[in-house]
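S.K.: First, the structure itself, so that you have it in front of you.
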Amino acid sequence: MNFNLALFKVDHLSNFVGIFIVFFSLLIIFYSLGFMNQKKRLVQYYSYVILTLLASLGAVFSNHLILFTVFWGFLGLLLYLLIGFGERNRTSYTGKKAFIIIGGTDALMILGLALVWKLSGSFEMDKVSIALNSKLAIAAYLCLAAGALAKAGAMPFHTWVPDMAEDAPVPVTSLLPASLDKLLGIYFLARITLDMFQMSALMNTVLMFLGSFTIMAGVMMALVQHDLKKLLGYHAVSQVGYMILGIGTGNPVGIAGGLFHMLNNAIYKSCLFLSGGSVEKVAGTTDLNKLGGLVRAMPMTFLSFLIASLAISGVPPFNGFASKWMIYQGIIETAKSGGWLWIVWLVAAMFGSALTLASFMKLIHTVFLGQPSQEVKSQGDKIHEAGLPMLIPTVVLAGLCVVFGVFARELPLKIFIIPSLKQAVAFFGIWNASLSTVLIVIGILAGCLIYFLGLAAKSRRTDSFVGGEDLKDFPDMRLSGTEFYSTIEELGILKYIYRLAERKAFDIYEVGAKIVFGFNQWLRYLHHGVLPTYLAWCLLGMGILFYILLIR
Amino acid sequence: MNPASQLIPLFVVIPLSGAFLIALMGKKLKWLPDFTGTFLTLVLFILSLVAIKPTDLYHTLVYSVGAWKPPIGISLVQDGLTVLMLVVVNLVVFCIALYSINYMERFTSKWKFYTLFFLMLAGMNGVIVTGDLFNLYVFLEIASVASFALVAFGTERHELEAAFKYAVMSSVGSLFVLLGIAMLYGYTGTLNMADMSVVLVHKGEGKLIAMISVFFIMGFGLKAALVPFHSWLPDAHPSAPAPISAMLSGVLIKALGVYTLCRIFFNVIGITPAILSVFMFMGALSMVVGVFLAIGQWDMKRLLAYHSISQIGYVILGIGLGTPLGILGGLFHLFNHSVFKSLLFLNSGAVEYSTGTRDLQEMGGLSQKMPVTSGTSLIASMSIAGVPPFNGFWSKLLIIIAAVQAGRYGYAFWAVLASILTLASFMKVMKYAFYGSLREKWASVIEVPVFMKLAMVILAFFCVAGGLLLVPSVQGVFLQQAQAVLVEGLQYGSRALGVIGSG
């Protein structure tokens, strides 16, 4: 095999992803200075983070599929090692699960690249162009896409993300599943979808189905979570759906929207995880039942969290809206080719967005607003804003959410996204970000004016009570937001689905494990250690060999 | 005769004389077994490196024992495949000898251990260098009998039982090998492998050859632990002391099984598509059955033993593809597997040495107390699971690409599936043995002594750097030399005889 080929290549897409890989890594290293102090094995931690940065850059800029796989697979190992820094008891289980899913799909990618080589005779990404018209080509595409989807955390390979969000240290979660792995996974999905394969309508539909399904399932799971980090983890899954949906539309607006959403998601999702980490660091827990009323102590963190929540929910004028808008446009564009499925995708995307907003309302209420919990009260003055190394990255990211939203056309789209595509992007519909921002700001100001003029203050303030009893004597009886949506858990068929999900019936890892151990039991039954049986096998084997080589 | 060929008999002579020396004086001189063990294996390793001849792709050396000309006398032949196997065997054996210095302190009679150890080594090296079929059988038996005794070395109940099973099954295999050799001798009138291959080319194929093939596949397949002839291995390999487990899984099944299968079928009898498909099928079957059995084990060494079956499956699958790329992948995987599997067995031995248990459920959190063991174990696990950039990744990559290239998509898929399950089961090992929280009863556990650490670190180095063997210039020196021998097939005979004629 000849290895002396064009190993690396820089183009607009890889350039854009590369720049943000460096940006996020640096921010998170800075954040770690605050978060990880007083922890053990710091030298190892920082060297793994820096290796992650280098390996990601290597993967993004490599043009040779084998080289790419080497970097990509090594990232899986680094993820595993980094999860090991978590301090919960379940950490080793989570790391194992994450690495089995990631490493397993990496093995599928090896099969995929071998098939690509068989079909096109080349390992160089820029020389490969395969039409999806044979079973082999489809198998090759699916194998490679499995690697990309697992890295990005899309269904059905998503189950490692929420577990990891709960158990791994926050900087690690926001470095890998929230930003770098998303960038890389979607980058590779875009690479194979746009450059290496010529997509068919069927495959686009498959992608769009995966995307919509991921959006809805992820957000439904997020609604009922009781842990701050795990809730964010399910949103990390749900948001991937938008990117896949965008890329699956196959038209320039949708693809640009998908890539833009990849970038935006990395920004607000890291911001959310990092603010969540500040809360954890300060309050010592991420259990929603034990949090509440943190807004007084941590105003800056609250503000960043709020901005990022609005961005992820697709509220204008923040960046999440800009990219979701483009994805909707892309979906509507597919309607031109006929069919009615686009309505399903569009409804899923919009409904997912609304549910995201709903779950973040719950989160913000429970963590920052509402009454402080016993745990928070008992810590009293100890709760204050996290240190500067932790605050600055959060605020910078929140600022970017605003800037990339308001100046979407002028900055990120113009500099990064549009050049990455080989086609021109035609927008339609009216969306003037700056003007609408001004309108929104005016609206908010008018609201504040009304509030402060006392026009709306005709309400009576009193301590909360239940059944006539003053709640001061019963500190646990407070209105936390944890149970906001517990009614949907009880709704008809949803109840059944949630139960199955609780039993991990949809977890590809658990299902796979059951099948494997079933086979294992059967084979172990055959290996009972009796020598005559073993000898009989040998004779049987010989008999079969005789049949094959002599008689047939 | 080429003066370099004078070195060939040393591979058998040195370990044999080591065995006699230790048997004679080891009981009196306490330092002698350790010293000879390490020193002689180091010498052998260096000799095997010297044997690498970079320039000539078909460099063949022949040594006639006692200056008797073949086909009457016994000849020792050294070509690319021999050199590859010699390097693999002697590298691993050197690390194991180093490791045994500390580890074997637990057992009473070190000198008996080293005597058997050297006998086994002499047998393996003999199988590899010999050019005579009956001589091959003799060395095969020397190595096997020594390994029976070593499996029973602990003399506990289950160890004796395992050794008994191993002895019975292995003898059945040897019996069929002997039968095959006798029939082949009757058919061709010669025992010299080179001569035999030339005669067979003239006489052509027949039912008799097919029957002999079945005997050889069964006999050597049993030594290589291919499914369905594998059932002795999961009992025998875990029962031996850890260094011996490493040697059995790391090199013995390859020298006695894989090497002999390759040599006889590719170079002597001649490979046919039917036999290649049998190889591929048995390879894939071993790969999958082995890994499915391994993943449910809680005994660390037993888990590793099942993985040996699975990994040998990869080697045989690669070689059985019959394409140059597949053969290269198979041979490379053979090298890699001996390195990482012996390392894994040494790791399990180190854990057993420090904690006294092999049960994964009883361990936990040992990485805090045993950083070298857990670090090298992580490297070896990643190698066997095929995670880049460790060596196992590269050979699996070659095998999978070769399978796809040959149009064997099904086998490629099974190889991928087995790879995923391998990863899963080694994640299990790492989780239960080394990560997680440390149990109270292991609070006073300490890292193993220096020689054990050194041996593990050397092997871990080869796991990390093993991929470099594929760099074109290095590949041409080492792996391609071995690949060429298998690819050229039956020309082996005339080439080896040609060397004798000119010499």
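Chain identifiers are assigned as A, B, and so on, following the order in which chains appear in the structure tokens; residues are numbered from 1 within each chain, and ligands are numbered from 1 in order of appearance.
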Starting from chain A, keep only residues with some atom at most 6 Å from an atom of chain B, counting only C-alpha atoms, and report them as a list in words.

M.R.: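 The contacting residues on chain A are Val70, Gly73, Phe74, Ser92, Lys96, Ile100, Gly104, Ala107, Ala114, Lys118, Asn520 and Cys538 of chain A.
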
S.K.: List the spatial neighbours of A:Ser129 as a list of chain:residue names - criterion: any atom at most 12 Å away, only C-alpha atoms, same-chain residues fewer than 2 positions off excluded.

M.R.: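 In the requested form, the answer reads A:Val116, A:Trp117, A:Leu119, A:Ser120, A:Gly121, A:Ser122, A:Phe123, A:Glu124, A:Met125, A:Asp126, A:Lys127, A:Ala131, A:Leu132, A:Ala137, A:Tyr141, A:Arg191, A:Ile192, A:Thr193, A:Leu194, A:Asp195, A:Met196, A:Phe197, A:Gln198, A:Met199.
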
S.K.: Go ahead and dump the residues you just picked, N, CA and C atoms, as a CSV table (one decimal), in the first residue's frame.

M.R.:
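Full text of selection07.csv as output:
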```csv
chain,number,residue,atom,x,y,z
A,116,VAL,N,-14.9,1.9,0.8
A,116,VAL,CA,-14.7,3.0,-0.1
A,116,VAL,C,-13.5,2.8,-1.0
A,117,TRP,N,-12.5,2.2,-0.4
A,117,TRP,CA,-11.3,1.9,-1.2
A,117,TRP,C,-11.6,0.9,-2.3
A,119,LEU,N,-14.5,0.5,-3.8
A,119,LEU,CA,-15.3,1.1,-4.7
A,119,LEU,C,-14.6,2.1,-5.6
A,120,SER,N,-13.7,2.9,-5.0
A,120,SER,CA,-13.2,4.0,-5.7
A,120,SER,C,-11.7,3.9,-6.0
A,121,GLY,N,-11.0,3.0,-5.3
A,121,GLY,CA,-9.6,2.8,-5.5
A,121,GLY,C,-8.7,3.8,-4.9
A,122,SER,N,-9.3,4.6,-4.0
A,122,SER,CA,-8.5,5.7,-3.4
A,122,SER,C,-8.8,5.9,-1.9
A,123,PHE,N,-7.8,6.2,-1.1
A,123,PHE,CA,-8.1,6.6,0.3
A,123,PHE,C,-8.2,8.1,0.5
A,124,GLU,N,-8.0,8.8,-0.6
A,124,GLU,CA,-7.9,10.3,-0.4
A,124,GLU,C,-9.3,10.9,-0.6
A,125,MET,N,-9.7,11.6,0.5
A,125,MET,CA,-11.1,12.1,0.6
A,125,MET,C,-11.5,12.9,-0.7
A,126,ASP,N,-10.5,13.7,-1.1
A,126,ASP,CA,-10.9,14.7,-2.2
A,126,ASP,C,-11.0,14.0,-3.6
A,127,LYS,N,-10.5,12.7,-3.6
A,127,LYS,CA,-10.6,12.0,-4.9
A,127,LYS,C,-11.7,11.0,-5.0
A,131,ALA,N,-21.3,7.1,-6.2
A,131,ALA,CA,-22.8,7.3,-6.3
A,131,ALA,C,-23.4,6.2,-5.5
A,132,LEU,N,-24.5,6.6,-4.8
A,132,LEU,CA,-25.1,5.6,-3.8
A,132,LEU,C,-26.1,4.7,-4.6
A,137,ALA,N,-22.1,0.5,-1.9
A,137,ALA,CA,-21.9,1.9,-1.7
A,137,ALA,C,-22.8,2.4,-0.5
A,141,TYR,N,-21.4,4.0,3.0
A,141,TYR,CA,-21.9,5.2,3.5
A,141,TYR,C,-22.4,5.0,5.0
A,191,ARG,N,-18.6,16.0,5.4
A,191,ARG,CA,-17.6,15.6,4.4
A,191,ARG,C,-18.1,14.4,3.6
A,192,ILE,N,-18.6,13.4,4.3
A,192,ILE,CA,-19.0,12.2,3.4
A,192,ILE,C,-20.2,12.5,2.6
A,193,THR,N,-21.1,13.3,3.2
A,193,THR,CA,-22.4,13.5,2.5
A,193,THR,C,-22.2,14.5,1.3
A,194,LEU,N,-21.4,15.5,1.5
A,194,LEU,CA,-21.3,16.5,0.5
A,194,LEU,C,-20.2,16.2,-0.5
A,195,ASP,N,-19.1,15.6,0.0
A,195,ASP,CA,-17.9,15.4,-1.0
A,195,ASP,C,-17.8,14.0,-1.4
A,196,MET,N,-17.8,13.1,-0.5
A,196,MET,CA,-17.4,11.7,-0.9
A,196,MET,C,-18.5,10.9,-1.5
A,197,PHE,N,-19.7,11.2,-1.2
A,197,PHE,CA,-20.8,10.4,-1.8
A,197,PHE,C,-21.7,11.3,-2.5
A,198,GLN,N,-22.3,10.8,-3.6
A,198,GLN,CA,-23.4,11.6,-4.2
A,198,GLN,C,-24.7,11.0,-3.6
A,199,MET,N,-25.4,11.9,-2.9
A,199,MET,CA,-26.5,11.4,-2.1
A,199,MET,C,-27.7,11.1,-3.0
```

S.K.: Mind running stretch 204-284 of chain B against stretch 70-91 of chain B at 10 Å and telling me each contacting residue's nearest atom pair with the distance in Å (one decimal), counting only C-alpha atoms, chain and number ascending, as a tab-separated table?

M.R.:
```
residue	atom	partner	partner_atom	distance
B:Met247	CA	B:Val89	CA	8.6
B:Gly250	CA	B:Val89	CA	8.3
B:Val251	CA	B:Val89	CA	5.8
B:Leu252	CA	B:Val89	CA	8.2
B:Lys254	CA	B:Met85	CA	8.5
B:Ala255	CA	B:Met85	CA	7.1
B:Tyr259	CA	B:Met85	CA	7.7
B:Cys262	CA	B:Leu81	CA	9.4
B:Arg263	CA	B:Leu81	CA	8.6
```

S.K.: Separation of atom CA of A:Gly292 and atom CA of A:Pro162, in Å?

M.R.: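 So the two atoms, atom CA of A:Gly292 and atom CA of A:Pro162, lie 22.3 Å apart.
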
S.K.: Using only C-alpha atoms, which residue out of B:Leu150, B:Ile458, B:Leu331, B:Met370 lies closest to B:Leu479?

M.R.: B:Leu331

S.K.: Excluding stretch 6-9 of chain A and residues on its chain fewer than 6 positions from it, collect all residues at most 7 Å away from it, counting only C-alpha atoms, and give them as a list in words.

M.R.: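 Residues meeting the cut-off are Phe61, Ser62, Asn63 and His64 of chain A.
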
S.K.: Can you write out the residues you just picked, keeping C-alpha atoms, as a PDB file, in the first residue's frame?

M.R.:
```
ATOM      1  CA  PHE A  61      -7.105  18.446   8.381  1.00  0.00           C
ATOM      2  CA  SER A  62      -6.302  14.931   7.244  1.00  0.00           C
ATOM      3  CA  ASN A  63      -7.224  14.050   3.730  1.00  0.00           C
ATOM      4  CA  HIS A  64      -6.199  10.413   3.876  1.00  0.00           C
TER       5      HIS A  64
END
```

S.K.: Using only C-alpha atoms, determine which residues lie at most 12 Å from A:Thr173, disregarding the query and same-chain residues fewer than 3 positions distant; provide the list as an mmCIF file with C-alpha atoms, in the first residue's frame.

M.R.:
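Okay, around.cif is ready:
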```
data_model
loop_
_atom_site.group_PDB
_atom_site.id
_atom_site.type_symbol
_atom_site.label_atom_id
_atom_site.label_comp_id
_atom_site.auth_asym_id
_atom_site.auth_seq_id
_atom_site.Cartn_x
_atom_site.Cartn_y
_atom_site.Cartn_z
ATOM 1 C CA SER A 25 -10.101 24.015 23.606
ATOM 2 C CA ILE A 28 -12.003 25.166 28.308
ATOM 3 C CA SER A 32 -10.246 24.132 33.915
ATOM 4 C CA VAL A 49 -6.723 17.800 26.894
ATOM 5 C CA LEU A 79 -12.384 10.559 25.742
ATOM 6 C CA TYR A 80 -12.247 7.369 27.779
ATOM 7 C CA LEU A 82 -10.740 11.969 30.339
ATOM 8 C CA ILE A 83 -14.001 10.513 31.650
ATOM 9 C CA GLY A 84 -11.801 8.702 34.154
ATOM 10 C CA PHE A 85 -11.280 12.018 35.948
ATOM 11 C CA GLY A 86 -14.861 11.998 37.149
ATOM 12 C CA GLY A 95 -16.339 5.532 30.552
ATOM 13 C CA TRP A 160 -23.248 7.606 26.123
ATOM 14 C CA VAL A 161 -23.836 11.375 26.069
ATOM 15 C CA PRO A 162 -26.354 11.783 28.930
ATOM 16 C CA ASP A 163 -24.495 9.285 31.107
ATOM 17 C CA MET A 164 -21.254 11.041 30.500
ATOM 18 C CA ALA A 165 -22.756 14.474 31.097
ATOM 19 C CA GLU A 166 -23.792 13.251 34.524
ATOM 20 C CA ASP A 167 -20.582 11.503 35.568
ATOM 21 C CA ALA A 168 -17.637 13.151 33.851
ATOM 22 C CA PRO A 169 -16.122 16.433 35.074
ATOM 23 C CA VAL A 170 -17.856 19.429 33.517
ATOM 24 C CA LEU A 176 -15.836 16.648 24.066
ATOM 25 C CA PRO A 177 -19.514 15.831 23.638
ATOM 26 C CA ALA A 178 -20.665 19.435 23.754
ATOM 27 C CA SER A 179 -18.189 21.066 21.407
ATOM 28 C CA LEU A 180 -15.312 19.111 19.858
ATOM 29 C CA ASP A 181 -17.132 15.851 19.231
ATOM 30 C CA LYS A 182 -20.077 17.724 17.744
ATOM 31 C CA LYS A 229 -26.103 17.909 33.932
ATOM 32 C CA LYS A 230 -28.081 14.942 32.679
ATOM 33 C CA LEU A 232 -28.228 19.232 29.476
ATOM 34 C CA GLY A 233 -26.838 15.942 28.186
ATOM 35 C CA ALA A 236 -26.883 17.774 23.578
ATOM 36 C CA ALA A 266 -21.103 24.174 20.336
ATOM 37 C CA LYS A 269 -24.003 24.126 24.786
ATOM 38 C CA SER A 270 -20.494 24.714 26.166
ATOM 39 C CA CYS A 271 -21.814 27.867 27.785
ATOM 40 C CA LEU A 272 -24.624 25.900 29.438
ATOM 41 C CA PHE A 273 -22.338 23.130 30.632
ATOM 42 C CA LEU A 274 -19.767 25.583 31.905
ATOM 43 C CA GLY A 276 -23.763 24.340 35.128
ATOM 44 C CA GLY A 277 -20.249 23.473 36.240
#
```

S.K.: Got a sec: who's within 7 Å of stretch 19-35 of chain B, counting only C-alpha atoms, leaving out chain neighbours fewer than 2 positions off, as an mmCIF file with all heavy atoms, in the first residue's frame?

M.R.:
```
data_model
loop_
_atom_site.group_PDB
_atom_site.id
_atom_site.type_symbol
_atom_site.label_atom_id
_atom_site.label_comp_id
_atom_site.auth_asym_id
_atom_site.auth_seq_id
_atom_site.Cartn_x
_atom_site.Cartn_y
_atom_site.Cartn_z
ATOM 1 N N PRO B 15 19.299 -23.212 23.757
ATOM 2 C CA PRO B 15 18.328 -23.542 24.806
ATOM 3 C C PRO B 15 18.470 -24.973 25.335
ATOM 4 O O PRO B 15 18.298 -25.193 26.541
ATOM 5 C CB PRO B 15 16.968 -23.356 24.117
ATOM 6 C CG PRO B 15 17.241 -23.207 22.696
ATOM 7 C CD PRO B 15 18.632 -22.757 22.536
ATOM 8 N N LEU B 16 18.853 -25.912 24.446
ATOM 9 C CA LEU B 16 19.023 -27.285 24.935
ATOM 10 C C LEU B 16 20.146 -27.359 25.950
ATOM 11 O O LEU B 16 19.996 -27.958 27.027
ATOM 12 C CB LEU B 16 19.329 -28.226 23.766
ATOM 13 C CG LEU B 16 18.134 -28.925 23.116
ATOM 14 C CD1 LEU B 16 18.606 -29.892 22.063
ATOM 15 C CD2 LEU B 16 17.320 -29.655 24.162
ATOM 16 N N SER B 17 21.270 -26.706 25.643
ATOM 17 C CA SER B 17 22.377 -26.779 26.601
ATOM 18 C C SER B 17 22.031 -26.007 27.863
ATOM 19 O O SER B 17 22.430 -26.411 28.966
ATOM 20 C CB SER B 17 23.669 -26.274 25.965
ATOM 21 O OG SER B 17 23.407 -25.112 25.245
ATOM 22 N N GLY B 37 18.844 -18.055 32.539
ATOM 23 C CA GLY B 37 17.571 -17.809 31.869
ATOM 24 C C GLY B 37 17.591 -16.498 31.119
ATOM 25 O O GLY B 37 17.316 -16.445 29.922
ATOM 26 N N THR B 38 17.934 -15.426 31.799
ATOM 27 C CA THR B 38 17.911 -14.114 31.166
ATOM 28 C C THR B 38 19.002 -13.983 30.118
ATOM 29 O O THR B 38 18.763 -13.504 29.011
ATOM 30 C CB THR B 38 18.079 -13.023 32.228
ATOM 31 O OG1 THR B 38 17.262 -13.353 33.327
ATOM 32 C CG2 THR B 38 17.702 -11.689 31.681
ATOM 33 N N PHE B 39 20.204 -14.436 30.482
ATOM 34 C CA PHE B 39 21.341 -14.220 29.591
ATOM 35 C C PHE B 39 21.157 -14.972 28.269
ATOM 36 O O PHE B 39 21.292 -14.404 27.193
ATOM 37 C CB PHE B 39 22.634 -14.671 30.287
ATOM 38 C CG PHE B 39 23.841 -14.548 29.431
ATOM 39 C CD1 PHE B 39 24.342 -13.306 29.090
ATOM 40 C CD2 PHE B 39 24.458 -15.683 28.921
ATOM 41 C CE1 PHE B 39 25.443 -13.192 28.280
ATOM 42 C CE2 PHE B 39 25.556 -15.585 28.107
ATOM 43 C CZ PHE B 39 26.051 -14.344 27.783
ATOM 44 N N ILE B 101 12.146 -13.926 36.866
ATOM 45 C CA ILE B 101 13.116 -13.777 37.960
ATOM 46 C C ILE B 101 12.387 -13.468 39.262
ATOM 47 O O ILE B 101 12.613 -14.109 40.286
ATOM 48 C CB ILE B 101 14.112 -12.637 37.642
ATOM 49 C CG1 ILE B 101 14.917 -12.988 36.411
ATOM 50 C CG2 ILE B 101 15.022 -12.371 38.825
ATOM 51 C CD1 ILE B 101 15.829 -11.884 35.959
ATOM 52 N N TRP B 111 14.719 -24.174 39.483
ATOM 53 C CA TRP B 111 15.565 -24.807 38.465
ATOM 54 C C TRP B 111 14.766 -25.767 37.586
ATOM 55 O O TRP B 111 15.013 -25.884 36.397
ATOM 56 C CB TRP B 111 16.760 -25.508 39.116
ATOM 57 C CG TRP B 111 16.373 -26.628 40.051
ATOM 58 C CD1 TRP B 111 15.990 -26.524 41.340
ATOM 59 C CD2 TRP B 111 16.344 -28.011 39.724
ATOM 60 N NE1 TRP B 111 15.711 -27.745 41.864
ATOM 61 C CE2 TRP B 111 15.936 -28.688 40.885
ATOM 62 C CE3 TRP B 111 16.641 -28.756 38.571
ATOM 63 C CZ2 TRP B 111 15.793 -30.070 40.936
ATOM 64 C CZ3 TRP B 111 16.517 -30.124 38.624
ATOM 65 C CH2 TRP B 111 16.081 -30.782 39.796
ATOM 66 N N LYS B 112 13.740 -26.407 38.168
ATOM 67 C CA LYS B 112 12.912 -27.287 37.341
ATOM 68 C C LYS B 112 12.148 -26.455 36.321
ATOM 69 O O LYS B 112 12.003 -26.837 35.161
ATOM 70 C CB LYS B 112 11.909 -28.045 38.211
ATOM 71 C CG LYS B 112 12.521 -29.190 38.954
ATOM 72 C CD LYS B 112 11.445 -29.922 39.733
ATOM 73 C CE LYS B 112 12.053 -30.912 40.681
ATOM 74 N NZ LYS B 112 11.171 -31.242 41.802
ATOM 75 N N TYR B 114 13.004 -23.575 35.024
ATOM 76 C CA TYR B 114 13.836 -23.100 33.914
ATOM 77 C C TYR B 114 14.238 -24.228 32.980
ATOM 78 O O TYR B 114 14.393 -24.018 31.770
ATOM 79 C CB TYR B 114 15.075 -22.385 34.448
ATOM 80 C CG TYR B 114 14.813 -20.941 34.742
ATOM 81 C CD1 TYR B 114 14.757 -20.467 36.040
ATOM 82 C CD2 TYR B 114 14.612 -20.037 33.705
ATOM 83 C CE1 TYR B 114 14.503 -19.144 36.309
ATOM 84 C CE2 TYR B 114 14.358 -18.706 33.970
ATOM 85 C CZ TYR B 114 14.307 -18.260 35.270
ATOM 86 O OH TYR B 114 14.060 -16.942 35.520
ATOM 87 N N THR B 115 14.425 -25.438 33.530
ATOM 88 C CA THR B 115 14.772 -26.561 32.672
ATOM 89 C C THR B 115 13.657 -26.805 31.649
ATOM 90 O O THR B 115 13.899 -26.901 30.437
ATOM 91 C CB THR B 115 14.976 -27.828 33.520
ATOM 92 O OG1 THR B 115 15.910 -27.516 34.534
ATOM 93 C CG2 THR B 115 15.481 -28.964 32.669
ATOM 94 N N PHE B 118 13.387 -23.992 29.066
ATOM 95 C CA PHE B 118 14.353 -24.047 27.964
ATOM 96 C C PHE B 118 14.048 -25.189 27.012
ATOM 97 O O PHE B 118 14.273 -25.089 25.806
ATOM 98 C CB PHE B 118 15.779 -24.165 28.503
ATOM 99 C CG PHE B 118 16.411 -22.827 28.726
ATOM 100 C CD1 PHE B 118 16.887 -22.452 29.967
ATOM 101 C CD2 PHE B 118 16.532 -21.932 27.680
ATOM 102 C CE1 PHE B 118 17.448 -21.213 30.162
ATOM 103 C CE2 PHE B 118 17.101 -20.692 27.868
ATOM 104 C CZ PHE B 118 17.560 -20.338 29.115
ATOM 105 N N LEU B 119 13.541 -26.298 27.558
ATOM 106 C CA LEU B 119 13.168 -27.400 26.674
ATOM 107 C C LEU B 119 12.062 -26.962 25.714
ATOM 108 O O LEU B 119 12.093 -27.254 24.515
ATOM 109 C CB LEU B 119 12.664 -28.592 27.490
ATOM 110 C CG LEU B 119 13.730 -29.582 27.958
ATOM 111 C CD1 LEU B 119 13.074 -30.677 28.767
ATOM 112 C CD2 LEU B 119 14.454 -30.171 26.760
#
```

S.K.: Excluding same-chain residues fewer than 2 positions from B:Leu61, what lies within 8 Å of it counting only C-alpha atoms, as a PDB file with N, CA, C and O atoms, in the first residue's frame?

M.R.:
```pdb
ATOM      1  N   ASN B   2      27.314 -21.275   3.101  1.00  0.00           N
ATOM      2  CA  ASN B   2      27.364 -19.882   3.562  1.00  0.00           C
ATOM      3  C   ASN B   2      27.699 -19.827   5.051  1.00  0.00           C
ATOM      4  O   ASN B   2      27.062 -20.508   5.851  1.00  0.00           O
ATOM      5  N   ALA B   4      27.110 -17.703   7.250  1.00  0.00           N
ATOM      6  CA  ALA B   4      26.026 -17.221   8.110  1.00  0.00           C
ATOM      7  C   ALA B   4      25.106 -18.356   8.525  1.00  0.00           C
ATOM      8  O   ALA B   4      24.447 -18.289   9.565  1.00  0.00           O
ATOM      9  N   SER B   5      25.062 -19.426   7.717  1.00  0.00           N
ATOM     10  CA  SER B   5      24.158 -20.519   8.055  1.00  0.00           C
ATOM     11  C   SER B   5      24.650 -21.298   9.270  1.00  0.00           C
ATOM     12  O   SER B   5      23.891 -22.076   9.843  1.00  0.00           O
ATOM     13  N   HIS B  59      16.127 -14.531   0.605  1.00  0.00           N
ATOM     14  CA  HIS B  59      17.389 -14.979   1.157  1.00  0.00           C
ATOM     15  C   HIS B  59      17.164 -16.261   1.942  1.00  0.00           C
ATOM     16  O   HIS B  59      16.514 -16.264   2.959  1.00  0.00           O
ATOM     17  N   TYR B  63      21.444 -25.256   6.534  1.00  0.00           N
ATOM     18  CA  TYR B  63      22.520 -25.893   7.299  1.00  0.00           C
ATOM     19  C   TYR B  63      22.241 -27.385   7.321  1.00  0.00           C
ATOM     20  O   TYR B  63      21.139 -27.815   7.698  1.00  0.00           O
ATOM     21  N   VAL B  77      16.620 -24.886   7.748  1.00  0.00           N
ATOM     22  CA  VAL B  77      16.423 -23.885   6.705  1.00  0.00           C
ATOM     23  C   VAL B  77      16.025 -22.561   7.359  1.00  0.00           C
ATOM     24  O   VAL B  77      15.226 -22.542   8.295  1.00  0.00           O
ATOM     25  N   GLN B  78      16.622 -21.500   6.851  1.00  0.00           N
ATOM     26  CA  GLN B  78      16.247 -20.184   7.384  1.00  0.00           C
ATOM     27  C   GLN B  78      15.868 -19.278   6.235  1.00  0.00           C
ATOM     28  O   GLN B  78      16.693 -18.970   5.377  1.00  0.00           O
ATOM     29  N   ASP B  79      14.602 -18.866   6.191  1.00  0.00           N
ATOM     30  CA  ASP B  79      14.201 -17.849   5.217  1.00  0.00           C
ATOM     31  C   ASP B  79      13.368 -16.780   5.922  1.00  0.00           C
ATOM     32  O   ASP B  79      13.359 -16.717   7.156  1.00  0.00           O
ATOM     33  N   ALA B 496      15.133 -23.926  -1.824  1.00  0.00           N
ATOM     34  CA  ALA B 496      15.929 -24.486  -0.743  1.00  0.00           C
ATOM     35  C   ALA B 496      16.887 -25.537  -1.285  1.00  0.00           C
ATOM     36  O   ALA B 496      18.059 -25.590  -0.901  1.00  0.00           O
ATOM     37  N   VAL B 499      19.847 -23.906  -2.987  1.00  0.00           N
ATOM     38  CA  VAL B 499      20.887 -23.418  -2.077  1.00  0.00           C
ATOM     39  C   VAL B 499      21.811 -24.569  -1.694  1.00  0.00           C
ATOM     40  O   VAL B 499      23.027 -24.433  -1.652  1.00  0.00           O
TER      41      VAL B 499
END
```

S.K.: List every residue of stretch 169-355 of chain A that DSSP, applied to the backbone of this structure, places in alpha helix (DSSP H), and write the result as an MDAnalysis selection string.

M.R.: chainID A and resid 170:175 181:190 201:223 228:249 252:283 299:312 319:334 341:355

S.K.: Excluding B:Ser342 and any residue of its chain fewer than 6 positions from it, enumerate the residues within 10 Å of it, using only C-alpha atoms, and give them as a list in words.

M.R.: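 Listing them by chain and then by number gives Val92, Val93, Cys95, Ile96, Ala242, Pro243, Ile244, Ser245, Ala246, Met247, Leu248, Ser249, Gly250, Val251, Leu304, Asn336, Ser348, Ala380, Met456 and Leu459 of chain B.
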
S.K.: Could you jot down the atom CA of B:Gln368 to atom CA of A:Val172 separation for me, Å, one decimal place?

M.R.: 21.2 Å
